[in-house]
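*Asks:* Contents are CSV, C-alpha atoms and all ligand atoms; file name query.csv:
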chain,number,residue,atom,x,y,z
A,1,MET,CA,77.1,150.8,105.0
A,2,GLU,CA,74.9,151.1,101.9
A,3,LYS,CA,75.1,148.0,99.6
A,4,ALA,CA,76.2,148.5,96.0
A,5,LYS,CA,73.4,146.3,94.8
A,6,LYS,CA,70.2,145.2,96.5
A,7,THR,CA,69.9,141.6,97.4
A,8,VAL,CA,67.1,139.6,95.7
A,9,TYR,CA,66.2,136.1,97.0
A,10,SER,CA,64.1,133.6,95.0
A,11,GLY,CA,63.4,129.9,95.6
A,12,ILE,CA,61.8,127.2,93.5
A,13,GLN,CA,60.7,123.8,94.8
A,14,PRO,CA,61.9,120.6,93.0
A,15,SER,CA,58.4,119.2,93.6
A,16,GLY,CA,58.1,118.3,89.9
A,17,THR,CA,59.7,119.1,86.6
A,18,PHE,CA,59.4,122.8,86.1
A,19,THR,CA,56.5,123.9,83.9
A,20,ILE,CA,56.1,126.7,81.4
A,21,GLY,CA,54.1,128.3,84.2
A,22,ASN,CA,57.2,128.4,86.4
A,23,TYR,CA,59.3,129.6,83.5
A,24,LEU,CA,57.1,132.3,81.9
A,25,GLY,CA,55.7,133.4,85.2
A,26,ALA,CA,58.9,133.5,87.3
A,27,MET,CA,62.2,132.0,86.2
A,28,ARG,CA,62.5,133.9,82.9
A,29,ASN,CA,62.4,137.2,84.8
A,30,TRP,CA,65.3,136.0,87.0
A,31,VAL,CA,67.8,136.1,84.2
A,32,PRO,CA,67.9,139.9,83.5
A,33,MET,CA,67.7,140.6,87.2
A,34,GLN,CA,71.2,139.2,87.6
A,35,ASP,CA,72.8,142.3,86.0
A,36,GLN,CA,71.0,144.7,88.3
A,37,TYR,CA,70.9,142.9,91.6
A,38,ASP,CA,72.9,140.6,93.9
A,39,CYS,CA,70.7,137.5,93.2
A,40,ILE,CA,70.4,134.4,95.3
A,41,TYR,CA,68.5,131.4,93.8
A,42,ALA,CA,67.6,128.4,95.8
A,43,ILE,CA,66.4,125.0,94.9
A,44,ALA,CA,64.0,124.7,97.8
A,45,ASP,CA,64.2,121.0,98.6
A,46,LEU,CA,63.2,121.4,102.2
A,47,HIS,CA,60.0,123.1,101.1
A,48,ALA,CA,59.2,120.3,98.7
A,49,LEU,CA,59.3,117.9,101.6
A,50,THR,CA,56.2,119.5,103.1
A,51,VAL,CA,54.2,117.3,100.9
A,52,PRO,CA,55.0,113.6,100.4
A,53,GLN,CA,57.9,112.9,97.9
A,54,VAL,CA,59.4,109.8,96.5
A,55,PRO,CA,63.0,110.1,97.8
A,56,ALA,CA,64.8,108.9,94.6
A,57,GLU,CA,62.6,111.2,92.5
A,58,LEU,CA,63.3,114.2,94.7
A,59,ARG,CA,67.1,113.5,94.5
A,60,LYS,CA,66.9,113.3,90.7
A,61,ARG,CA,64.7,116.4,90.4
A,62,THR,CA,67.2,118.4,92.5
A,63,TYR,CA,69.9,117.8,89.9
A,64,GLU,CA,67.5,118.5,87.1
A,65,SER,CA,66.4,121.7,88.7
A,66,VAL,CA,69.9,123.0,89.0
A,67,ALA,CA,70.6,122.0,85.4
A,68,MET,CA,67.4,123.7,84.2
A,69,LEU,CA,68.2,127.0,86.0
A,70,LEU,CA,71.6,127.0,84.4
A,71,ALA,CA,70.1,126.2,81.0
A,72,ILE,CA,67.7,129.2,81.1
A,73,GLY,CA,70.6,131.5,81.9
A,74,ILE,CA,71.2,131.7,85.6
A,75,ASP,CA,74.9,132.4,85.8
A,76,PRO,CA,76.8,131.2,88.9
A,77,GLN,CA,79.5,133.8,88.1
A,78,LYS,CA,77.0,136.5,88.7
A,79,SER,CA,74.6,134.9,91.2
A,80,ILE,CA,74.5,132.2,93.9
A,81,LEU,CA,72.6,129.1,92.8
A,82,TYR,CA,72.4,126.6,95.6
A,83,VAL,CA,70.4,123.8,97.2
A,84,GLN,CA,68.6,124.9,100.3
A,85,SER,CA,69.3,121.8,102.4
A,86,HIS,CA,73.0,122.2,101.7
A,87,VAL,CA,73.0,125.2,104.1
A,88,PRO,CA,72.0,124.0,107.5
A,89,ALA,CA,71.5,127.5,108.8
A,90,HIS,CA,68.0,127.5,107.2
A,91,THR,CA,66.7,124.8,109.6
A,92,GLU,CA,68.4,126.4,112.6
A,93,LEU,CA,67.0,129.8,112.0
A,94,THR,CA,63.6,128.3,111.4
A,95,TRP,CA,63.6,127.0,114.9
A,96,LEU,CA,64.7,130.3,116.4
A,97,LEU,CA,62.0,132.1,114.5
A,98,ASN,CA,59.5,129.5,115.5
A,99,CYS,CA,60.1,130.5,119.1
A,100,ASN,CA,58.8,134.0,118.1
A,101,ALA,CA,56.0,133.0,115.7
A,102,TYR,CA,52.3,132.7,116.6
A,103,MET,CA,49.9,129.9,115.8
A,104,GLY,CA,47.2,132.4,114.8
A,105,GLU,CA,49.3,134.2,112.2
A,106,LEU,CA,50.4,131.0,110.6
A,107,SER,CA,46.9,129.5,110.5
A,108,ARG,CA,45.7,132.5,108.5
A,109,MET,CA,48.0,131.7,105.5
A,110,THR,CA,45.8,130.9,102.5
A,111,GLN,CA,48.3,128.5,101.0
A,112,TYR,CA,48.3,126.4,104.2
A,113,LYS,CA,44.5,126.4,104.1
A,114,ASP,CA,44.5,125.2,100.5
A,115,LYS,CA,47.2,122.6,100.7
A,116,SER,CA,46.2,121.2,104.1
A,117,GLU,CA,42.7,120.4,102.7
A,118,ARG,CA,44.5,118.1,100.2
A,119,GLN,CA,46.4,116.3,103.0
A,120,GLY,CA,43.2,115.1,104.6
A,121,LYS,CA,43.2,114.2,108.3
A,122,ASN,CA,47.0,113.9,108.9
A,123,ILE,CA,48.2,117.4,108.1
A,124,ARG,CA,52.0,117.7,108.4
A,125,VAL,CA,53.4,120.2,110.9
A,126,ALA,CA,55.9,121.2,108.3
A,127,LEU,CA,53.1,122.4,106.0
A,128,PHE,CA,51.9,124.7,108.7
A,129,ASP,CA,55.5,125.9,109.4
A,130,TYR,CA,56.3,126.4,105.7
A,131,PRO,CA,56.1,130.2,105.9
A,132,VAL,CA,58.6,130.3,108.8
A,133,LEU,CA,61.1,128.3,106.8
A,134,MET,CA,60.5,130.8,104.0
A,135,ALA,CA,61.2,133.6,106.4
A,136,ALA,CA,64.5,132.0,107.4
A,137,ASP,CA,65.4,131.6,103.8
A,138,ILE,CA,64.9,135.3,103.1
A,139,LEU,CA,66.2,136.7,106.3
A,140,LEU,CA,69.5,134.8,106.3
A,141,TYR,CA,70.7,136.7,103.3
A,142,GLU,CA,69.8,140.2,104.3
A,143,THR,CA,67.4,140.2,101.4
A,144,ASP,CA,66.0,143.5,100.2
A,145,LEU,CA,63.6,142.2,97.5
A,146,VAL,CA,61.6,139.1,97.1
A,147,PRO,CA,60.1,138.5,93.6
A,148,VAL,CA,56.5,137.4,94.2
A,149,GLY,CA,53.3,136.7,92.5
A,150,ASP,CA,50.0,137.8,94.1
A,151,ASP,CA,49.7,134.5,95.9
A,152,GLN,CA,52.9,134.9,97.8
A,153,LYS,CA,52.3,138.5,99.0
A,154,GLN,CA,50.8,137.2,102.2
A,155,HIS,CA,54.0,135.2,103.0
A,156,VAL,CA,56.3,138.2,102.5
A,157,GLU,CA,54.0,140.2,104.9
A,158,LEU,CA,54.5,137.4,107.5
A,159,VAL,CA,58.3,137.5,107.0
A,160,ARG,CA,58.2,141.3,107.7
A,161,ASP,CA,56.0,140.7,110.8
A,162,LEU,CA,58.4,138.1,112.2
A,163,ALA,CA,61.5,140.1,111.4
A,164,GLY,CA,60.0,143.3,112.8
A,165,ARG,CA,58.9,141.5,116.0
A,166,PHE,CA,62.4,140.0,116.5
A,167,ASN,CA,64.1,143.4,115.9
A,168,GLN,CA,61.7,145.0,118.5
A,169,ASN,CA,62.1,142.2,121.1
A,170,TYR,CA,65.9,142.0,120.9
A,171,SER,CA,67.4,144.8,118.9
A,172,PRO,CA,67.7,145.6,115.1
A,173,THR,CA,69.0,142.3,113.6
A,174,PHE,CA,67.1,141.6,110.3
A,175,VAL,CA,66.7,143.5,107.1
A,176,LEU,CA,62.9,143.8,106.4
A,177,PRO,CA,62.4,142.6,102.8
A,178,GLU,CA,60.0,144.2,100.3
A,179,PRO,CA,57.9,142.2,97.8
A,180,TYR,CA,59.1,142.8,94.3
A,181,PHE,CA,56.5,142.6,91.6
A,182,GLY,CA,58.9,143.6,88.8
A,183,GLU,CA,57.8,142.7,85.3
A,184,SER,CA,54.5,141.1,86.1
A,185,GLY,CA,55.0,137.5,85.1
A,186,THR,CA,51.9,135.9,83.6
A,187,ARG,CA,50.0,133.5,85.9
A,188,LEU,CA,49.4,130.5,83.7
A,189,MET,CA,46.4,128.2,84.3
A,190,SER,CA,46.0,124.5,83.9
A,191,LEU,CA,45.3,123.4,80.3
A,192,GLN,CA,42.6,121.0,81.6
A,193,ASP,CA,40.9,123.3,84.1
A,194,PRO,CA,41.6,127.0,83.5
A,195,SER,CA,40.2,127.9,87.0
A,196,ARG,CA,43.3,126.3,88.6
A,197,LYS,CA,46.8,127.4,88.2
A,198,MET,CA,49.2,125.3,86.2
A,199,SER,CA,51.2,123.3,88.8
A,200,LYS,CA,54.1,121.0,88.3
A,201,SER,CA,52.7,118.5,90.8
A,202,ASP,CA,49.3,118.2,89.1
A,203,GLU,CA,48.3,114.6,88.8
A,204,ASN,CA,47.0,115.1,85.3
A,205,GLN,CA,50.0,115.4,82.9
A,206,ASN,CA,47.9,117.1,80.3
A,207,ALA,CA,47.3,120.0,82.7
A,208,TYR,CA,50.8,121.4,82.3
A,209,VAL,CA,53.7,121.6,79.8
A,210,SER,CA,57.0,120.6,81.3
A,211,MET,CA,60.2,122.4,80.3
A,212,THR,CA,61.5,119.0,79.2
A,213,ASP,CA,58.5,117.8,77.2
A,214,GLN,CA,59.3,116.7,73.6
A,215,PRO,CA,57.9,118.8,70.8
A,216,GLN,CA,55.3,116.3,69.8
A,217,VAL,CA,54.1,115.9,73.4
A,218,ILE,CA,53.8,119.7,73.7
A,219,ARG,CA,51.8,119.9,70.4
A,220,ASN,CA,49.4,117.1,71.7
A,221,LYS,CA,48.9,118.8,75.1
A,222,PHE,CA,47.8,122.0,73.3
A,223,LYS,CA,45.6,120.0,71.0
A,224,ARG,CA,43.8,118.6,74.1
A,225,ALA,CA,43.6,121.9,75.9
A,226,ILE,CA,40.1,122.9,77.2
A,227,THR,CA,38.5,125.7,75.3
A,228,ASP,CA,34.8,126.6,74.9
A,229,SER,CA,31.9,126.6,72.4
A,230,ILE,CA,32.1,130.3,71.5
A,231,GLY,CA,34.5,129.7,68.7
A,232,LYS,CA,36.2,133.1,68.7
A,233,VAL,CA,39.8,133.9,69.7
A,234,GLN,CA,39.3,136.9,72.0
A,235,TYR,CA,40.6,137.8,75.5
A,236,ASP,CA,37.8,137.4,78.0
A,237,LYS,CA,38.9,135.7,81.2
A,238,THR,CA,35.3,135.3,82.5
A,239,SER,CA,33.5,133.7,79.7
A,240,GLN,CA,36.5,132.2,77.8
A,241,PRO,CA,39.1,131.4,80.5
A,242,GLY,CA,40.7,128.6,78.5
A,243,ILE,CA,41.2,130.8,75.4
A,244,ALA,CA,42.5,133.7,77.6
A,245,ASN,CA,45.0,131.3,79.1
A,246,LEU,CA,46.2,130.1,75.7
A,247,MET,CA,46.4,133.8,74.6
A,248,ASP,CA,48.6,134.5,77.7
A,249,ILE,CA,50.9,131.7,76.8
A,250,TYR,CA,51.1,132.8,73.1
A,251,SER,CA,51.6,136.4,74.1
A,252,SER,CA,54.4,135.4,76.5
A,253,CYS,CA,56.2,133.3,73.9
A,254,THR,CA,55.9,135.7,70.9
A,255,GLY,CA,55.7,139.1,72.6
A,256,ARG,CA,52.4,139.8,70.6
A,257,SER,CA,49.6,141.8,72.3
A,258,TYR,CA,46.1,140.5,72.7
A,259,GLU,CA,44.8,142.7,69.9
A,260,GLU,CA,47.5,141.4,67.5
A,261,ILE,CA,46.6,137.8,68.4
A,262,GLU,CA,42.8,138.5,68.0
A,263,LYS,CA,43.6,139.9,64.6
A,264,GLU,CA,45.9,137.1,63.6
A,265,PHE,CA,43.2,134.5,64.3
A,266,GLU,CA,40.1,136.4,63.1
A,267,GLY,CA,37.9,134.0,61.3
A,268,LYS,CA,40.1,131.0,62.1
A,269,GLY,CA,39.1,128.0,64.3
A,270,TYR,CA,40.5,127.0,67.7
A,271,GLY,CA,42.4,124.1,66.0
A,272,ASP,CA,44.6,126.6,64.1
A,273,PHE,CA,45.1,128.7,67.2
A,274,LYS,CA,46.0,125.8,69.4
A,275,MET,CA,48.5,124.6,66.9
A,276,ALA,CA,50.2,128.0,66.7
A,277,VAL,CA,50.4,128.2,70.5
A,278,GLY,CA,52.0,124.7,70.6
A,279,GLU,CA,54.6,125.8,67.9
A,280,ALA,CA,55.4,129.0,69.8
A,281,VAL,CA,56.1,127.1,73.0
A,282,VAL,CA,58.2,124.5,71.1
A,283,GLU,CA,60.3,127.4,69.7
A,284,VAL,CA,60.9,128.9,73.1
A,285,LEU,CA,61.8,125.6,74.7
A,286,GLU,CA,64.0,124.0,72.0
A,287,PRO,CA,67.2,125.9,72.6
A,288,ILE,CA,66.8,125.6,76.4
A,289,GLN,CA,66.3,121.9,76.1
A,290,GLN,CA,69.5,121.5,74.0
A,291,THR,CA,71.6,123.2,76.7
A,292,TYR,CA,69.8,121.3,79.4
A,293,ASN,CA,70.5,118.0,77.8
A,294,GLU,CA,74.2,118.7,77.8
A,295,LEU,CA,74.2,119.9,81.4
A,296,ILE,CA,72.3,117.1,82.9
A,297,LYS,CA,74.8,114.5,81.5
A,298,ASP,CA,77.6,115.9,83.6
A,299,LYS,CA,76.7,115.0,87.1
A,300,ALA,CA,80.2,115.7,88.5
A,301,ASN,CA,80.0,119.3,87.2
A,302,LEU,CA,76.6,119.8,88.8
A,303,ASP,CA,78.0,118.3,92.1
A,304,ASN,CA,80.9,120.7,92.0
A,305,LEU,CA,78.7,123.7,91.3
A,306,MET,CA,76.3,122.8,94.1
A,307,LYS,CA,79.2,122.4,96.6
A,308,GLU,CA,80.8,125.7,95.7
A,309,ASN,CA,77.6,127.6,95.7
A,310,ALA,CA,76.5,126.1,99.0
A,311,GLN,CA,79.8,127.3,100.5
A,312,LYS,CA,79.2,130.8,99.3
A,313,ALA,CA,75.7,130.8,100.6
A,314,ALA,CA,76.7,129.4,103.9
A,315,VAL,CA,79.3,132.1,104.6
A,316,ARG,CA,76.6,134.7,104.2
A,317,ALA,CA,74.0,132.8,106.2
A,318,GLN,CA,76.3,132.1,109.1
A,319,LYS,CA,77.0,135.7,109.6
A,320,VAL,CA,73.3,136.5,110.2
A,321,LEU,CA,72.7,133.3,112.2
A,322,ARG,CA,75.6,134.0,114.6
A,323,LYS,CA,74.0,137.4,115.3
A,324,VAL,CA,70.6,135.8,116.0
A,325,ARG,CA,72.1,133.1,118.2
A,326,ARG,CA,73.8,135.7,120.3
A,327,LYS,CA,70.8,138.0,120.6
A,328,VAL,CA,68.5,135.2,121.9
A,329,GLY,CA,71.0,134.1,124.5
A,330,LEU,CA,72.6,131.0,123.0
A,331,VAL,CA,76.2,130.5,124.1
A,332,GLY,CA,79.0,130.3,121.5
B,401,LIG,N1,51.1,128.6,86.9
B,401,LIG,C1,52.0,129.5,87.2
B,401,LIG,N2,52.0,130.7,86.6
B,401,LIG,C2,52.9,131.6,86.9
B,401,LIG,N3,53.9,131.5,87.8
B,401,LIG,C3,53.9,130.3,88.5
B,401,LIG,N4,54.7,129.9,89.5
B,401,LIG,C4,54.3,128.6,89.8
B,401,LIG,N5,53.2,128.3,89.1
B,401,LIG,C5,53.0,129.3,88.3
B,401,LIG,C6,55.8,130.6,90.1
B,401,LIG,O1,57.0,129.8,90.0
B,401,LIG,C7,57.8,130.1,91.1
B,401,LIG,C8,58.3,128.8,91.8
B,401,LIG,O2,57.2,128.2,92.4
B,401,LIG,P1,57.4,127.1,93.5
B,401,LIG,O3,58.0,125.9,92.9
B,401,LIG,O4,58.2,127.6,94.6
B,401,LIG,O5,56.0,126.8,94.0
B,401,LIG,P2,54.6,126.8,93.5
B,401,LIG,O6,54.1,128.3,93.2
B,401,LIG,O7,53.7,126.1,94.4
B,401,LIG,O8,54.7,126.1,92.0
B,401,LIG,P3,53.9,124.9,91.5
B,401,LIG,O9,54.4,124.6,90.1
B,401,LIG,O10,52.4,125.1,91.6
B,401,LIG,O11,54.4,123.7,92.4
B,401,LIG,P4,53.6,122.7,93.3
B,401,LIG,O12,52.8,121.9,92.3
B,401,LIG,O13,54.7,121.8,93.9
B,401,LIG,O14,52.8,123.4,94.3
B,401,LIG,C9,57.0,131.0,92.0
B,401,LIG,O15,57.5,132.3,91.9
B,401,LIG,C10,55.6,130.9,91.6
B,401,LIG,O16,54.9,132.1,91.7
Have the structure of the file written as structure tokens, please.
Ligand code: AQP
*Replies:*
Amino acid sequence: MEKAKKTVYSGIQPSGTFTIGNYLGAMRNWVPMQDQYDCIYAIADLHALTVPQVPAELRKRTYESVAMLLAIGIDPQKSILYVQSHVPAHTELTWLLNCNAYMGELSRMTQYKDKSERQGKNIRVALFDYPVLMAADILLYETDLVPVGDDQKQHVELVRDLAGRFNQNYSPTFVLPEPYFGESGTRLMSLQDPSRKMSKSDENQNAYVSMTDQPQVIRNKFKRAITDSIGKVQYDKTSQPGIANLMDIYSSCTGRSYEEIEKEFEGKGYGDFKMAVGEAVVEVLEPIQQTYNELIKDKANLDNLMKENAQKAAVRAQKVLRKVRRKVGLVG
């Protein structure tokens, strides 16, 4: 039977406080999608464990992540908003998919190559297996579309390979998802090193702006942002990557085009420009922070919401998992 709405699955790791990179590049686009699609949003805590975490911090950030997604406008009446580890089907399907995944295809994943370098000699097996857990996330909900940036395209390809192989070896079981590029979210770069993406787990706090940073902290971070010695506000990613990044941020916050921004700051110094970017970010974040501050106070409400949404997610996930168990020959 044809579905009334296509299913969209997105996850975000509680591996740090969400940054304006996460928000302007991904989360913000999730809000309007709720009216058009059957959306499932996961706080991917099991994914966050692929790199070392402080347990108490992870627990705290899981609550904060749920509250922040609610604050930006994710509506549990329209979508499912749940915590990945609350639905055990994810780990169970991961194992069953592992039995059909190849070492070769996993070792070609660029994210694994990048992140494993940072783990030194003792690389965690989970980091290697991360894309299989991601495949389980997506396949459990008969997902049609996975919103991705360029860097995640390779993972969705792997999900399709794993699902296609399973369907061929057993019989049609999984829906093959498509990557969804949608409104191209801006890829924001570190404020301290514009050759690296802005990441919530960056050790340098000046490299990113958190969704919960106070206005004065935000202004100071922009004041310290790396620019260049050219002294002209113009969009050139190669010779002025710092300024291009700030223009991306300013454009995302104000809706102004690069040409409009160049005109606005013609003949002005970087100091004025950075101040304006800081103010624009403060303006976007202030109303979100107000809602967030209310939501985070009410832990019982967040607990209830997590519980209800996990139940909704589990019903859907179990349906697919039961099918998979039967196909591979498990009893019961
Ligand atoms: N700098 C960014 N610009 C645009 N989009 C970004 N995303 C992340 N950073 C940027 C998008 O945010 C969504 C959720 O990301 P994630 O938490 O699942 O993992 P990530 O991409 O690894 O994010 P971080 O912030 O860099 O986390 P850490 O530091 O833990 O690795 C994704 O859609 C991602 O594209």
*Asks:* Return as a ChimeraX atom specification the residues of protein, DNA or RNA that approach ligand LIG 401 (chain B) to within 9 Å, with only C-alpha atoms and all ligand atoms taken into account.
*Replies:* /A:10-27,43-44,47-48,51,111,115,147-152,185-190,196-202,208
*Asks:* Generate a file of the selected residues that holds C-alpha atoms, formatted as a PDB file, in the frame of the given file.
*Replies:*
ATOM      1  CA  SER A  10      64.100 133.600  95.000  1.00  0.00           C
ATOM      2  CA  GLY A  11      63.400 129.900  95.600  1.00  0.00           C
ATOM      3  CA  ILE A  12      61.800 127.200  93.500  1.00  0.00           C
ATOM      4  CA  GLN A  13      60.700 123.800  94.800  1.00  0.00           C
ATOM      5  CA  PRO A  14      61.900 120.600  93.000  1.00  0.00           C
ATOM      6  CA  SER A  15      58.400 119.200  93.600  1.00  0.00           C
ATOM      7  CA  GLY A  16      58.100 118.300  89.900  1.00  0.00           C
ATOM      8  CA  THR A  17      59.700 119.100  86.600  1.00  0.00           C
ATOM      9  CA  PHE A  18      59.400 122.800  86.100  1.00  0.00           C
ATOM     10  CA  THR A  19      56.500 123.900  83.900  1.00  0.00           C
ATOM     11  CA  ILE A  20      56.100 126.700  81.400  1.00  0.00           C
ATOM     12  CA  GLY A  21      54.100 128.300  84.200  1.00  0.00           C
ATOM     13  CA  ASN A  22      57.200 128.400  86.400  1.00  0.00           C
ATOM     14  CA  TYR A  23      59.300 129.600  83.500  1.00  0.00           C
ATOM     15  CA  LEU A  24      57.100 132.300  81.900  1.00  0.00           C
ATOM     16  CA  GLY A  25      55.700 133.400  85.200  1.00  0.00           C
ATOM     17  CA  ALA A  26      58.900 133.500  87.300  1.00  0.00           C
ATOM     18  CA  MET A  27      62.200 132.000  86.200  1.00  0.00           C
ATOM     19  CA  ILE A  43      66.400 125.000  94.900  1.00  0.00           C
ATOM     20  CA  ALA A  44      64.000 124.700  97.800  1.00  0.00           C
ATOM     21  CA  HIS A  47      60.000 123.100 101.100  1.00  0.00           C
ATOM     22  CA  ALA A  48      59.200 120.300  98.700  1.00  0.00           C
ATOM     23  CA  VAL A  51      54.200 117.300 100.900  1.00  0.00           C
ATOM     24  CA  GLN A 111      48.300 128.500 101.000  1.00  0.00           C
ATOM     25  CA  LYS A 115      47.200 122.600 100.700  1.00  0.00           C
ATOM     26  CA  PRO A 147      60.100 138.500  93.600  1.00  0.00           C
ATOM     27  CA  VAL A 148      56.500 137.400  94.200  1.00  0.00           C
ATOM     28  CA  GLY A 149      53.300 136.700  92.500  1.00  0.00           C
ATOM     29  CA  ASP A 150      50.000 137.800  94.100  1.00  0.00           C
ATOM     30  CA  ASP A 151      49.700 134.500  95.900  1.00  0.00           C
ATOM     31  CA  GLN A 152      52.900 134.900  97.800  1.00  0.00           C
ATOM     32  CA  GLY A 185      55.000 137.500  85.100  1.00  0.00           C
ATOM     33  CA  THR A 186      51.900 135.900  83.600  1.00  0.00           C
ATOM     34  CA  ARG A 187      50.000 133.500  85.900  1.00  0.00           C
ATOM     35  CA  LEU A 188      49.400 130.500  83.700  1.00  0.00           C
ATOM     36  CA  MET A 189      46.400 128.200  84.300  1.00  0.00           C
ATOM     37  CA  SER A 190      46.000 124.500  83.900  1.00  0.00           C
ATOM     38  CA  ARG A 196      43.300 126.300  88.600  1.00  0.00           C
ATOM     39  CA  LYS A 197      46.800 127.400  88.200  1.00  0.00           C
ATOM     40  CA  MET A 198      49.200 125.300  86.200  1.00  0.00           C
ATOM     41  CA  SER A 199      51.200 123.300  88.800  1.00  0.00           C
ATOM     42  CA  LYS A 200      54.100 121.000  88.300  1.00  0.00           C
ATOM     43  CA  SER A 201      52.700 118.500  90.800  1.00  0.00           C
ATOM     44  CA  ASP A 202      49.300 118.200  89.100  1.00  0.00           C
ATOM     45  CA  TYR A 208      50.800 121.400  82.300  1.00  0.00           C
TER      46      TYR A 208
END
*Asks:* Counting all atoms listed in the file, figure out which residue out of A:Phe166, A:Tyr9, A:Tyr102, A:Tyr292 gets nearest to Met68 (chain A).
*Replies:*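 The closest residue to Met68 (chain A) is A:Tyr292.
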*Asks:* Which polymer residues have any atom within 12 Å of an atom of Gln192 (chain A), counting only C-alpha atoms, with same-chain residues fewer than 6 positions away left out, as a list in words?
*Replies:*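 Counting only the stated atoms, we get Met198, Ser199, Asp202, Glu203, Asn204, Gln205, Asn206, Ala207, Tyr208, Val209, Lys221, Phe222, Lys223, Arg224, Ala225, Ile226, Thr227, Asp228, Pro241, Gly242, Ile243, Asn245 and Leu246 of chain A.
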*Asks:* Convert the current residue selection to file output with C-alpha atoms, as a PDB file, in the frame of the given file.
*Replies:*
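Contents of selection37.pdb, as written:
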ATOM      1  CA  MET A 198      49.200 125.300  86.200  1.00  0.00           C
ATOM      2  CA  SER A 199      51.200 123.300  88.800  1.00  0.00           C
ATOM      3  CA  ASP A 202      49.300 118.200  89.100  1.00  0.00           C
ATOM      4  CA  GLU A 203      48.300 114.600  88.800  1.00  0.00           C
ATOM      5  CA  ASN A 204      47.000 115.100  85.300  1.00  0.00           C
ATOM      6  CA  GLN A 205      50.000 115.400  82.900  1.00  0.00           C
ATOM      7  CA  ASN A 206      47.900 117.100  80.300  1.00  0.00           C
ATOM      8  CA  ALA A 207      47.300 120.000  82.700  1.00  0.00           C
ATOM      9  CA  TYR A 208      50.800 121.400  82.300  1.00  0.00           C
ATOM     10  CA  VAL A 209      53.700 121.600  79.800  1.00  0.00           C
ATOM     11  CA  LYS A 221      48.900 118.800  75.100  1.00  0.00           C
ATOM     12  CA  PHE A 222      47.800 122.000  73.300  1.00  0.00           C
ATOM     13  CA  LYS A 223      45.600 120.000  71.000  1.00  0.00           C
ATOM     14  CA  ARG A 224      43.800 118.600  74.100  1.00  0.00           C
ATOM     15  CA  ALA A 225      43.600 121.900  75.900  1.00  0.00           C
ATOM     16  CA  ILE A 226      40.100 122.900  77.200  1.00  0.00           C
ATOM     17  CA  THR A 227      38.500 125.700  75.300  1.00  0.00           C
ATOM     18  CA  ASP A 228      34.800 126.600  74.900  1.00  0.00           C
ATOM     19  CA  PRO A 241      39.100 131.400  80.500  1.00  0.00           C
ATOM     20  CA  GLY A 242      40.700 128.600  78.500  1.00  0.00           C
ATOM     21  CA  ILE A 243      41.200 130.800  75.400  1.00  0.00           C
ATOM     22  CA  ASN A 245      45.000 131.300  79.100  1.00  0.00           C
ATOM     23  CA  LEU A 246      46.200 130.100  75.700  1.00  0.00           C
TER      24      LEU A 246
END
*Asks:* By how many Å are CA of Leu145 (chain A) and CA of Tyr180 (chain A) apart?
*Replies:* 5.6 Å
*Asks:* Could you name the residues that touch Lys268 (chain A) at 9 Å or less, counting all atoms listed in the file, but leaving out those on the same chain fewer than 6 positions away, as an MDAnalysis selection string?
*Replies:* chainID A and resid 231:233
*Asks:* Rank nothing, just name the residue among A:Val125, A:Ala244, A:Ile249, A:Leu140 nearest to Leu93 (chain A), using only C-alpha atoms.
*Replies:*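 Under the stated criterion, the closest residue is A:Leu140.
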*Asks:* Which one is closest to Val175 (chain A): A:Asp144, A:Glu283, A:Glu294, A:Asp272? Count all atoms listed in the file.
*Replies:* A:Asp144
*Asks:* Rank nothing, just name the residue among A:Thr7, A:Tyr250, A:Ala300, A:Lys312 nearest to Leu176 (chain A), using all atoms listed in the file.
*Replies:*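 For Leu176 (chain A), the nearest of the given residues is A:Thr7.
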*Asks:* In Å, with one decimal, what is the gap from CA of Gln168 (chain A) to CA of Leu127 (chain A)?
*Replies:* 27.2 Å
*Asks:* From the list A:Arg160, A:Lys297, A:Lys78, A:Lys274, which residue is nearest Tyr63 (chain A) when using only C-alpha atoms?
*Replies:*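 Checking each of A:Arg160, A:Lys297, A:Lys78, A:Lys274 against Tyr63 (chain A), counting only C-alpha atoms, the winner is A:Lys297.
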*Asks:* Fewer than 6 positions away in the same chain doesn't count, so skip those; otherwise give me all residues within 9 Å of Val320 (chain A), counting all atoms listed in the file, as a compact mmCIF listing (two decimals) with C-alpha atoms, keeping the file's coordinate frame.
*Replies:*
# COMPACT_ATOMS: atom_id res chain seq x y z
CA LEU A 139 66.20 136.70 106.30
CA LEU A 140 69.50 134.80 106.30
CA TYR A 141 70.70 136.70 103.30
CA GLU A 142 69.80 140.20 104.30
CA THR A 173 69.00 142.30 113.60
CA PHE A 174 67.10 141.60 110.30
*Asks:* Work out how far apart CA of Asp213 (chain A) and CA of Gln289 (chain A) are and give it in Å to one decimal.
*Replies:*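 Computed distance, CA of Asp213 (chain A) to CA of Gln289 (chain A), equals 8.9 Å.
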